[in-house]
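Q: Please see the structure below; I have some questions.
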Amino acid sequence: MTTQTPRTATLNRHTNETDIALSLSLDGKGKSSIQTGIGFFDHMLEALARHGGLDLEVRVKGDLHIDDHHTIEDVGITLGEAIHRALGDKRGIERFGFALVPLDEALCEAVVDISGRPFLAWNLTFPREMIGTMATEMVEEFFRALCMAARITVHMNGRAGTNAHHIAESAFKAFARALRMALARDPRSAGRIPSTKGVL
(Lines give C-alpha, C1' and ligand atoms only; values in the text may rest on other atoms or scores of the structure.)
Protein backbone atom coordinates (compact mmCIF):
# COMPACT_ATOMS: atom_id res chain seq x y z
CA MET A 1 0.00 0.00 0.00
CA THR A 2 1.35 3.41 -0.99
CA THR A 3 1.75 5.86 1.88
CA GLN A 4 0.27 9.25 1.06
CA THR A 5 2.17 12.34 2.13
CA PRO A 6 0.28 14.34 4.77
CA ARG A 7 -1.09 17.57 3.35
CA THR A 8 -0.53 19.97 6.23
CA ALA A 9 0.79 23.46 6.88
CA THR A 10 1.56 25.60 9.92
CA LEU A 11 1.98 29.34 9.56
CA ASN A 12 2.67 32.31 11.79
CA ARG A 13 1.96 35.74 10.32
CA HIS A 14 2.82 38.89 12.22
CA THR A 15 2.14 42.49 11.17
CA ASN A 16 1.54 45.73 13.04
CA GLU A 17 -2.18 44.98 12.70
CA THR A 18 -2.52 41.25 13.43
CA ASP A 19 -0.65 38.33 14.94
CA ILE A 20 -1.90 35.00 13.54
CA ALA A 21 -0.99 31.40 14.32
CA LEU A 22 -2.68 28.85 12.03
CA SER A 23 -2.36 25.12 11.46
CA LEU A 24 -4.20 23.17 8.77
CA SER A 25 -4.67 19.60 7.61
CA LEU A 26 -6.44 19.14 4.29
CA ASP A 27 -7.22 15.50 5.13
CA GLY A 28 -8.75 16.01 8.54
CA LYS A 29 -11.98 15.10 10.25
CA GLY A 30 -13.51 18.57 10.41
CA LYS A 31 -12.09 19.43 13.83
CA SER A 32 -11.46 23.07 14.63
CA SER A 33 -10.30 25.39 17.38
CA ILE A 34 -10.86 29.01 16.41
CA GLN A 35 -10.21 32.22 18.34
CA THR A 36 -10.30 35.39 16.26
CA GLY A 37 -12.10 37.69 18.68
CA ILE A 38 -15.07 37.97 16.27
CA GLY A 39 -17.81 35.56 17.31
CA PHE A 40 -19.65 35.20 14.02
CA PHE A 41 -16.39 34.83 12.08
CA ASP A 42 -15.34 32.04 14.46
CA HIS A 43 -18.68 30.35 13.73
CA MET A 44 -18.07 30.59 9.97
CA LEU A 45 -14.54 29.20 10.18
CA GLU A 46 -15.82 26.30 12.27
CA ALA A 47 -18.41 25.58 9.56
CA LEU A 48 -15.71 25.82 6.89
CA ALA A 49 -13.58 23.25 8.71
CA ARG A 50 -16.45 20.89 9.45
CA HIS A 51 -17.94 20.81 5.98
CA GLY A 52 -14.58 21.03 4.21
CA GLY A 53 -13.18 18.04 6.09
CA LEU A 54 -10.34 20.22 7.35
CA ASP A 55 -8.62 20.19 10.71
CA LEU A 56 -8.05 23.86 11.47
CA GLU A 57 -6.61 25.81 14.38
CA VAL A 58 -6.56 29.61 14.30
CA ARG A 59 -5.40 32.04 16.97
CA VAL A 60 -5.53 35.75 16.25
CA LYS A 61 -4.66 38.92 18.12
CA GLY A 62 -5.97 41.70 15.94
CA ASP A 63 -6.61 45.44 16.13
CA LEU A 64 -10.31 45.00 16.84
CA HIS A 65 -10.33 48.36 18.64
CA ILE A 66 -10.26 49.78 15.10
CA ASP A 67 -12.65 47.36 13.35
CA ASP A 68 -12.82 43.80 12.01
CA HIS A 69 -11.22 44.43 8.60
CA HIS A 70 -7.57 43.60 9.25
CA THR A 71 -8.34 40.52 11.32
CA ILE A 72 -10.68 38.94 8.77
CA GLU A 73 -8.63 39.83 5.71
CA ASP A 74 -5.38 38.61 7.29
CA VAL A 75 -6.96 35.31 8.33
CA GLY A 76 -8.04 34.90 4.70
CA ILE A 77 -4.48 35.55 3.53
CA THR A 78 -2.98 33.14 6.06
CA LEU A 79 -5.51 30.36 5.42
CA GLY A 80 -5.08 30.74 1.66
CA GLU A 81 -1.31 30.50 1.95
CA ALA A 82 -1.69 27.42 4.18
CA ILE A 83 -3.90 25.74 1.57
CA HIS A 84 -1.35 26.56 -1.13
CA ARG A 85 1.57 25.15 0.86
CA ALA A 86 -0.30 22.04 2.01
CA LEU A 87 -1.25 21.18 -1.60
CA GLY A 88 2.34 21.11 -2.83
CA ASP A 89 2.52 20.50 -6.59
CA LYS A 90 -1.17 19.43 -6.69
CA ARG A 91 -0.50 15.96 -8.08
CA GLY A 92 -3.45 13.59 -8.03
CA ILE A 93 -6.16 16.04 -6.95
CA GLU A 94 -9.59 16.36 -8.53
CA ARG A 95 -8.90 20.09 -9.05
CA PHE A 96 -12.53 21.13 -9.67
CA GLY A 97 -15.35 21.25 -7.14
CA PHE A 98 -18.84 22.68 -6.88
CA ALA A 99 -21.66 22.81 -4.35
CA LEU A 100 -25.13 24.28 -3.97
CA VAL A 101 -26.03 24.55 -0.29
CA PRO A 102 -29.32 25.69 1.28
CA LEU A 103 -29.92 27.09 4.74
CA ASP A 104 -33.64 27.64 5.20
CA GLU A 105 -34.57 30.36 2.67
CA ALA A 106 -30.94 31.02 1.66
CA LEU A 107 -29.23 29.19 -1.19
CA CYS A 108 -25.62 29.75 -2.23
CA GLU A 109 -23.45 28.21 -4.93
CA ALA A 110 -19.67 27.82 -4.94
CA VAL A 111 -17.45 26.61 -7.78
CA VAL A 112 -13.73 26.03 -7.17
CA ASP A 113 -10.83 25.50 -9.55
CA ILE A 114 -7.43 24.86 -7.97
CA SER A 115 -5.90 26.45 -11.02
CA GLY A 116 -2.83 28.36 -9.87
CA ARG A 117 -4.65 31.49 -11.12
CA PRO A 118 -6.14 33.61 -8.32
CA PHE A 119 -9.59 34.98 -9.08
CA LEU A 120 -12.86 35.61 -7.24
CA ALA A 121 -16.18 36.20 -9.01
CA TRP A 122 -18.62 37.43 -6.36
CA ASN A 123 -22.39 37.67 -6.75
CA LEU A 124 -23.84 37.81 -3.24
CA THR A 125 -25.63 40.62 -1.45
CA PHE A 126 -26.67 41.02 2.17
CA PRO A 127 -29.78 42.76 3.51
CA ARG A 128 -27.95 44.36 6.44
CA GLU A 129 -24.49 45.70 7.22
CA MET A 130 -23.63 43.70 10.34
CA ILE A 131 -23.98 40.16 11.69
CA GLY A 132 -23.07 40.42 15.32
CA THR A 133 -19.74 42.30 15.34
CA MET A 134 -18.79 41.26 11.79
CA ALA A 135 -19.43 43.55 8.84
CA THR A 136 -21.16 41.66 6.02
CA GLU A 137 -18.88 43.36 3.45
CA MET A 138 -16.03 41.41 5.06
CA VAL A 139 -17.42 38.08 3.83
CA GLU A 140 -16.36 39.01 0.30
CA GLU A 141 -13.04 40.42 1.56
CA PHE A 142 -12.27 37.15 3.37
CA PHE A 143 -12.89 35.04 0.28
CA ARG A 144 -10.96 37.42 -1.96
CA ALA A 145 -7.93 37.32 0.34
CA LEU A 146 -8.12 33.52 0.56
CA CYS A 147 -8.38 33.09 -3.22
CA MET A 148 -5.44 35.38 -3.92
CA ALA A 149 -3.18 33.66 -1.38
CA ALA A 150 -4.27 30.12 -2.28
CA ARG A 151 -3.92 30.83 -6.04
CA ILE A 152 -7.38 29.41 -6.78
CA THR A 153 -10.35 30.49 -8.88
CA VAL A 154 -13.69 30.71 -7.06
CA HIS A 155 -17.16 31.71 -8.22
CA MET A 156 -19.66 32.49 -5.45
CA ASN A 157 -23.32 33.06 -6.31
CA GLY A 158 -26.24 33.86 -4.06
CA ARG A 159 -29.32 32.18 -5.50
CA ALA A 160 -31.78 33.15 -2.74
CA GLY A 161 -31.95 34.54 0.77
CA THR A 162 -33.37 37.28 2.98
CA ASN A 163 -31.60 36.57 6.28
CA ALA A 164 -28.00 37.81 6.40
CA HIS A 165 -26.85 35.12 8.84
CA HIS A 166 -28.33 32.38 6.65
CA ILE A 167 -26.79 33.82 3.47
CA ALA A 168 -23.32 34.01 4.98
CA GLU A 169 -23.48 30.55 6.49
CA SER A 170 -24.81 29.06 3.25
CA ALA A 171 -21.90 30.71 1.39
CA PHE A 172 -19.25 29.38 3.76
CA LYS A 173 -20.71 25.88 3.68
CA ALA A 174 -21.01 25.88 -0.11
CA PHE A 175 -17.38 26.94 -0.43
CA ALA A 176 -16.34 24.28 2.07
CA ARG A 177 -18.09 21.50 0.16
CA ALA A 178 -16.75 22.69 -3.20
CA LEU A 179 -13.22 22.97 -1.82
CA ARG A 180 -13.48 19.49 -0.30
CA MET A 181 -14.41 18.07 -3.71
CA ALA A 182 -11.57 19.91 -5.46
CA LEU A 183 -8.98 18.83 -2.87
CA ALA A 184 -9.98 15.17 -3.00
CA ARG A 185 -7.43 12.72 -4.35
CA ASP A 186 -8.40 11.17 -7.69
CA PRO A 187 -7.48 7.45 -7.62
CA ARG A 188 -7.48 7.35 -11.44
CA SER A 189 -4.89 10.08 -11.90
CA ALA A 190 -1.89 7.99 -10.74
CA GLY A 191 -0.36 11.07 -9.16
CA ARG A 192 -0.50 13.17 -12.31
CA ILE A 193 -0.97 16.93 -12.28
CA PRO A 194 -4.53 17.65 -13.51
CA SER A 195 -3.56 20.01 -16.32
CA THR A 196 -2.44 19.58 -19.92
CA LYS A 197 0.25 22.17 -19.15
CA GLY A 198 1.82 19.79 -16.64
CA VAL A 199 1.85 22.42 -13.91
CA LEU A 200 -0.71 24.28 -11.80
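Convention: chains lettered A, B, ... in C-alpha coordinates order; per-chain residue numbering from 1; ligands numbered from 1 as shown.
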With a distance cut-off of 10 Å and only C-alpha atoms, select the neighbouring residues of A:Glu129, excluding the residue or stretch itself and same-chain residues fewer than 5 positions from it, and output the selection as a VMD selection string.
A: chain A and resid 134 to 138 164
Q: Do you know which residues are at most 6 Å from stretch 18-31 of chain A counting only C-alpha atoms, after dropping those on the same chain fewer than 4 positions away, and could you put them as a list in words?
A: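 Counting only C-alpha atoms, the residues come to Arg7, Thr8, Ala9, Thr10, Leu11, Asn12, Arg13, His14, Ala49, Arg50, Gly53, Leu54, Asp55, Leu56, Glu57, Val58, Arg59, Val60, Lys61 and Gly62 of chain A.
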Q: What does the file look like for those residues with all heavy atoms, as a short mmCIF file (atom, residue, chain, number, x, y, z; two decimals), in the first residue's frame?
A:
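This is the output file again.cif:
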data_model
loop_
_atom_site.label_atom_id
_atom_site.label_comp_id
_atom_site.auth_asym_id
_atom_site.auth_seq_id
_atom_site.Cartn_x
_atom_site.Cartn_y
_atom_site.Cartn_z
N ARG A 7 -0.94 16.24 3.94
CA ARG A 7 -1.09 17.57 3.35
C ARG A 7 -1.41 18.56 4.47
O ARG A 7 -2.58 18.79 4.79
CB ARG A 7 -2.15 17.55 2.26
CG ARG A 7 -1.84 16.57 1.14
CD ARG A 7 -2.81 16.69 -0.02
NE ARG A 7 -4.17 16.33 0.37
CZ ARG A 7 -5.23 16.44 -0.43
NH1 ARG A 7 -5.07 16.90 -1.68
NH2 ARG A 7 -6.43 16.08 -0.02
N THR A 8 -0.38 19.10 5.07
CA THR A 8 -0.53 19.97 6.23
C THR A 8 0.32 21.22 6.06
O THR A 8 1.27 21.25 5.27
CB THR A 8 -0.12 19.26 7.52
OG1 THR A 8 1.27 18.90 7.44
CG2 THR A 8 -0.95 17.99 7.74
N ALA A 9 -0.01 22.24 6.85
CA ALA A 9 0.79 23.46 6.88
C ALA A 9 0.57 24.16 8.21
O ALA A 9 -0.53 24.14 8.77
CB ALA A 9 0.42 24.40 5.74
N THR A 10 1.63 24.77 8.71
CA THR A 10 1.56 25.60 9.92
C THR A 10 2.21 26.93 9.60
O THR A 10 3.34 26.97 9.11
CB THR A 10 2.29 24.91 11.09
OG1 THR A 10 1.66 23.66 11.37
CG2 THR A 10 2.23 25.79 12.33
N LEU A 11 1.49 28.01 9.87
CA LEU A 11 1.98 29.34 9.56
C LEU A 11 1.83 30.27 10.74
O LEU A 11 0.86 30.17 11.52
CB LEU A 11 1.20 29.95 8.38
CG LEU A 11 1.60 29.56 6.95
CD1 LEU A 11 1.09 28.17 6.63
CD2 LEU A 11 1.05 30.57 5.97
N ASN A 12 2.77 31.19 10.86
CA ASN A 12 2.67 32.31 11.79
C ASN A 12 2.86 33.58 10.98
O ASN A 12 3.85 33.70 10.23
CB ASN A 12 3.72 32.21 12.88
CG ASN A 12 3.47 31.05 13.82
OD1 ASN A 12 2.62 31.13 14.70
ND2 ASN A 12 4.19 29.95 13.63
N ARG A 13 1.91 34.48 11.09
CA ARG A 13 1.96 35.74 10.32
C ARG A 13 1.83 36.91 11.28
O ARG A 13 0.83 37.01 12.01
CB ARG A 13 0.85 35.76 9.28
CG ARG A 13 0.89 36.96 8.33
CD ARG A 13 -0.23 36.86 7.29
NE ARG A 13 -0.05 37.80 6.21
CZ ARG A 13 -0.52 39.06 6.24
NH1 ARG A 13 -1.18 39.49 7.30
NH2 ARG A 13 -0.32 39.87 5.21
N HIS A 14 2.82 37.76 11.29
CA HIS A 14 2.82 38.89 12.22
C HIS A 14 2.97 40.19 11.44
O HIS A 14 3.87 40.34 10.61
CB HIS A 14 3.97 38.77 13.22
CG HIS A 14 4.06 39.96 14.14
ND1 HIS A 14 3.18 40.16 15.18
CD2 HIS A 14 4.92 41.01 14.15
CE1 HIS A 14 3.49 41.29 15.79
NE2 HIS A 14 4.54 41.82 15.19
N ALA A 49 -14.36 24.44 8.36
CA ALA A 49 -13.58 23.25 8.71
C ALA A 49 -14.44 22.00 8.71
O ALA A 49 -14.06 20.97 8.12
CB ALA A 49 -12.92 23.46 10.07
N ARG A 50 -15.59 22.07 9.33
CA ARG A 50 -16.45 20.89 9.45
C ARG A 50 -16.89 20.36 8.10
O ARG A 50 -16.77 19.17 7.79
CB ARG A 50 -17.68 21.23 10.31
CG ARG A 50 -18.71 20.11 10.43
CD ARG A 50 -18.15 18.90 11.18
NE ARG A 50 -17.74 19.26 12.52
CZ ARG A 50 -18.57 19.29 13.58
NH1 ARG A 50 -19.83 18.96 13.43
NH2 ARG A 50 -18.11 19.63 14.77
N GLY A 53 -14.00 19.16 5.68
CA GLY A 53 -13.18 18.04 6.09
C GLY A 53 -11.76 18.46 6.46
O GLY A 53 -10.81 17.69 6.31
N LEU A 54 -11.64 19.67 6.98
CA LEU A 54 -10.34 20.22 7.35
C LEU A 54 -10.16 20.16 8.87
O LEU A 54 -11.13 20.37 9.61
CB LEU A 54 -10.22 21.68 6.91
CG LEU A 54 -10.60 22.03 5.48
CD1 LEU A 54 -10.59 23.55 5.30
CD2 LEU A 54 -9.67 21.36 4.49
N ASP A 55 -8.96 19.93 9.32
CA ASP A 55 -8.62 20.19 10.71
C ASP A 55 -7.94 21.55 10.73
O ASP A 55 -6.94 21.77 10.03
CB ASP A 55 -7.69 19.11 11.27
CG ASP A 55 -8.41 17.79 11.51
OD1 ASP A 55 -9.66 17.77 11.48
OD2 ASP A 55 -7.73 16.77 11.72
N LEU A 56 -8.49 22.46 11.54
CA LEU A 56 -8.05 23.86 11.47
C LEU A 56 -7.95 24.46 12.86
O LEU A 56 -8.89 24.37 13.65
CB LEU A 56 -9.05 24.66 10.63
CG LEU A 56 -8.81 26.16 10.47
CD1 LEU A 56 -7.50 26.42 9.72
CD2 LEU A 56 -9.99 26.81 9.75
N GLU A 57 -6.81 25.04 13.16
CA GLU A 57 -6.61 25.81 14.38
C GLU A 57 -6.19 27.22 13.99
O GLU A 57 -5.28 27.40 13.18
CB GLU A 57 -5.54 25.18 15.27
CG GLU A 57 -5.93 23.83 15.85
CD GLU A 57 -4.92 23.31 16.85
OE1 GLU A 57 -4.04 24.10 17.27
OE2 GLU A 57 -5.00 22.12 17.21
N VAL A 58 -6.86 28.21 14.58
CA VAL A 58 -6.56 29.61 14.30
C VAL A 58 -6.57 30.39 15.61
O VAL A 58 -7.53 30.31 16.38
CB VAL A 58 -7.60 30.24 13.34
CG1 VAL A 58 -7.22 31.68 13.02
CG2 VAL A 58 -7.73 29.43 12.05
N ARG A 59 -5.50 31.12 15.84
CA ARG A 59 -5.40 32.04 16.97
C ARG A 59 -5.01 33.40 16.43
O ARG A 59 -4.02 33.54 15.72
CB ARG A 59 -4.34 31.57 17.97
CG ARG A 59 -4.65 30.23 18.63
CD ARG A 59 -5.77 30.34 19.65
NE ARG A 59 -6.04 29.06 20.29
CZ ARG A 59 -6.83 28.11 19.80
NH1 ARG A 59 -7.41 28.30 18.63
NH2 ARG A 59 -7.04 26.99 20.45
N VAL A 60 -5.79 34.42 16.78
CA VAL A 60 -5.53 35.75 16.25
C VAL A 60 -5.58 36.80 17.37
O VAL A 60 -6.48 36.77 18.21
CB VAL A 60 -6.58 36.15 15.18
CG1 VAL A 60 -6.19 37.48 14.53
CG2 VAL A 60 -6.75 35.07 14.15
N LYS A 61 -4.60 37.68 17.35
CA LYS A 61 -4.66 38.92 18.12
C LYS A 61 -4.67 40.04 17.10
O LYS A 61 -3.66 40.27 16.42
CB LYS A 61 -3.45 39.04 19.05
CG LYS A 61 -3.43 38.00 20.16
CD LYS A 61 -2.22 38.17 21.06
CE LYS A 61 -2.19 37.12 22.16
NZ LYS A 61 -0.98 37.24 23.02
N GLY A 62 -5.82 40.68 16.96
CA GLY A 62 -5.97 41.70 15.94
C GLY A 62 -6.36 43.05 16.51
O GLY A 62 -6.74 43.15 17.69
#
Q: Neighbours of A:His51 within 9 Å (only C-alpha atoms; same-chain residues fewer than 2 positions away dropped), as a list in words?
A: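 Residues near the query, excluding close chain neighbours: Gly30, Glu46, Ala47, Leu48, Ala49, Gly53, Leu54, Phe172, Lys173, Ala174, Phe175, Ala176, Arg177 and Arg180 of chain A.
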Q: Quick one: everything within 6 Å of stretch 154-159 of chain A, counting only C-alpha atoms, minus sequence neighbours fewer than 2 positions away in the same chain. Send it as a list in words.
A: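 After dropping sequence-adjacent residues, the list is Leu107, Cys108, Glu109, Ala110, Val111, Val112, Leu120, Ala121, Trp122, Asn123 and Leu124 of chain A.
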Q: For A:Phe142, which residue out of A:His166, A:His70, A:Lys90, A:His43 is the nearest one, using only C-alpha atoms?
A: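 Under the stated criterion, the closest residue is A:His70.
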Q: I'd like the neighbourhood of A:Ile114 as a PyMOL selection string, where a residue qualifies if any of its atoms comes within 7 Å (using only C-alpha atoms), though same-chain residues fewer than 4 positions away should be ignored.
A: chain A and resi 95-96+152-153+182
Q: Okay, now the selection with N, CA and C atoms, as an mmCIF file, in the first residue's frame?
A:
data_model
loop_
_atom_site.group_PDB
_atom_site.id
_atom_site.type_symbol
_atom_site.label_atom_id
_atom_site.label_comp_id
_atom_site.auth_asym_id
_atom_site.auth_seq_id
_atom_site.Cartn_x
_atom_site.Cartn_y
_atom_site.Cartn_z
ATOM 1 N N ARG A 95 -9.070 18.722 -8.572
ATOM 2 C CA ARG A 95 -8.897 20.089 -9.053
ATOM 3 C C ARG A 95 -10.184 20.904 -9.039
ATOM 4 N N PHE A 96 -11.279 20.379 -9.577
ATOM 5 C CA PHE A 96 -12.533 21.130 -9.666
ATOM 6 C C PHE A 96 -13.519 20.654 -8.602
ATOM 7 N N ILE A 152 -6.257 30.197 -6.258
ATOM 8 C CA ILE A 152 -7.376 29.413 -6.776
ATOM 9 C C ILE A 152 -8.419 30.342 -7.390
ATOM 10 N N THR A 153 -9.224 29.779 -8.288
ATOM 11 C CA THR A 153 -10.351 30.489 -8.879
ATOM 12 C C THR A 153 -11.629 30.044 -8.179
ATOM 13 N N ALA A 182 -12.732 19.571 -4.641
ATOM 14 C CA ALA A 182 -11.573 19.911 -5.459
ATOM 15 C C ALA A 182 -10.267 19.362 -4.868
#
Q: Can you list, as number ranges by chain, every residue of chain A that DSSP puts in helix (DSSP H, G or I)?
A: A: 39-52, 69-87, 137-150, 164-183
Q: For atom CA of A:Phe40 and atom CA of A:Pro127, determine how far apart the two atoms are, in Å to one decimal place.
A: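 Straight-line distance from atom CA of A:Phe40 to atom CA of A:Pro127 works out to 16.4 Å.
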Q: Can you tell me which residues surround A:Arg117 at a distance of at most 9 Å, considering only C-alpha atoms, apart from same-chain residues fewer than 5 positions away, and format the answer as a ChimeraX atom specification?
A: /A:147-148,150-153,200
Q: Name all residues at most 9 Å from A:His165 (count only C-alpha atoms; drop same-chain ones fewer than 3 positions away) and give them as a VMD selection string.
A: chain A and resid 40 126 131 168 to 170
Q: With N, CA, C and O atoms retained, export the selected residues as an mmCIF file, in the first residue's frame.
A:
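Printed below is selection-v1.cif as written:
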data_model
loop_
_atom_site.group_PDB
_atom_site.id
_atom_site.type_symbol
_atom_site.label_atom_id
_atom_site.label_comp_id
_atom_site.auth_asym_id
_atom_site.auth_seq_id
_atom_site.Cartn_x
_atom_site.Cartn_y
_atom_site.Cartn_z
ATOM 1 N N PHE A 40 -19.018 35.754 15.214
ATOM 2 C CA PHE A 40 -19.652 35.198 14.016
ATOM 3 C C PHE A 40 -18.608 34.656 13.047
ATOM 4 O O PHE A 40 -18.822 33.626 12.403
ATOM 5 N N PHE A 126 -26.140 41.210 0.825
ATOM 6 C CA PHE A 126 -26.670 41.022 2.173
ATOM 7 C C PHE A 126 -27.679 42.121 2.494
ATOM 8 O O PHE A 126 -27.478 43.283 2.112
ATOM 9 N N ILE A 131 -23.496 41.387 11.044
ATOM 10 C CA ILE A 131 -23.983 40.158 11.687
ATOM 11 C C ILE A 131 -23.184 40.036 12.971
ATOM 12 O O ILE A 131 -21.989 39.729 12.946
ATOM 13 N N ALA A 168 -24.742 34.176 4.711
ATOM 14 C CA ALA A 168 -23.317 34.011 4.980
ATOM 15 C C ALA A 168 -22.976 32.563 5.286
ATOM 16 O O ALA A 168 -21.995 32.009 4.758
ATOM 17 N N GLU A 169 -23.773 31.934 6.115
ATOM 18 C CA GLU A 169 -23.481 30.547 6.488
ATOM 19 C C GLU A 169 -23.631 29.607 5.296
ATOM 20 O O GLU A 169 -22.828 28.689 5.105
ATOM 21 N N SER A 170 -24.642 29.846 4.467
ATOM 22 C CA SER A 170 -24.808 29.063 3.251
ATOM 23 C C SER A 170 -23.603 29.229 2.338
ATOM 24 O O SER A 170 -23.121 28.258 1.736
#
Q: Interatomic distance between atom CA of A:Ile93 and atom CA of A:Asp42?
A: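 Here the two named atoms are 28.3 Å from each other.
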Q: I need the residue nearest A:Ala184 from this list: A:Gly161, A:Gly198, A:Gly39, A:Gly92. Use only C-alpha atoms for the distance.
A: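 Checking each of A:Gly161, A:Gly198, A:Gly39, A:Gly92 against A:Ala184, counting only C-alpha atoms, the winner is A:Gly92.
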Q: Give the answer as one residue: which of A:Asp67, A:Leu103, A:Phe98, A:Ser195 has the shortest atom-to-atom distance to A:Ala160, using only C-alpha atoms?
A: A:Leu103
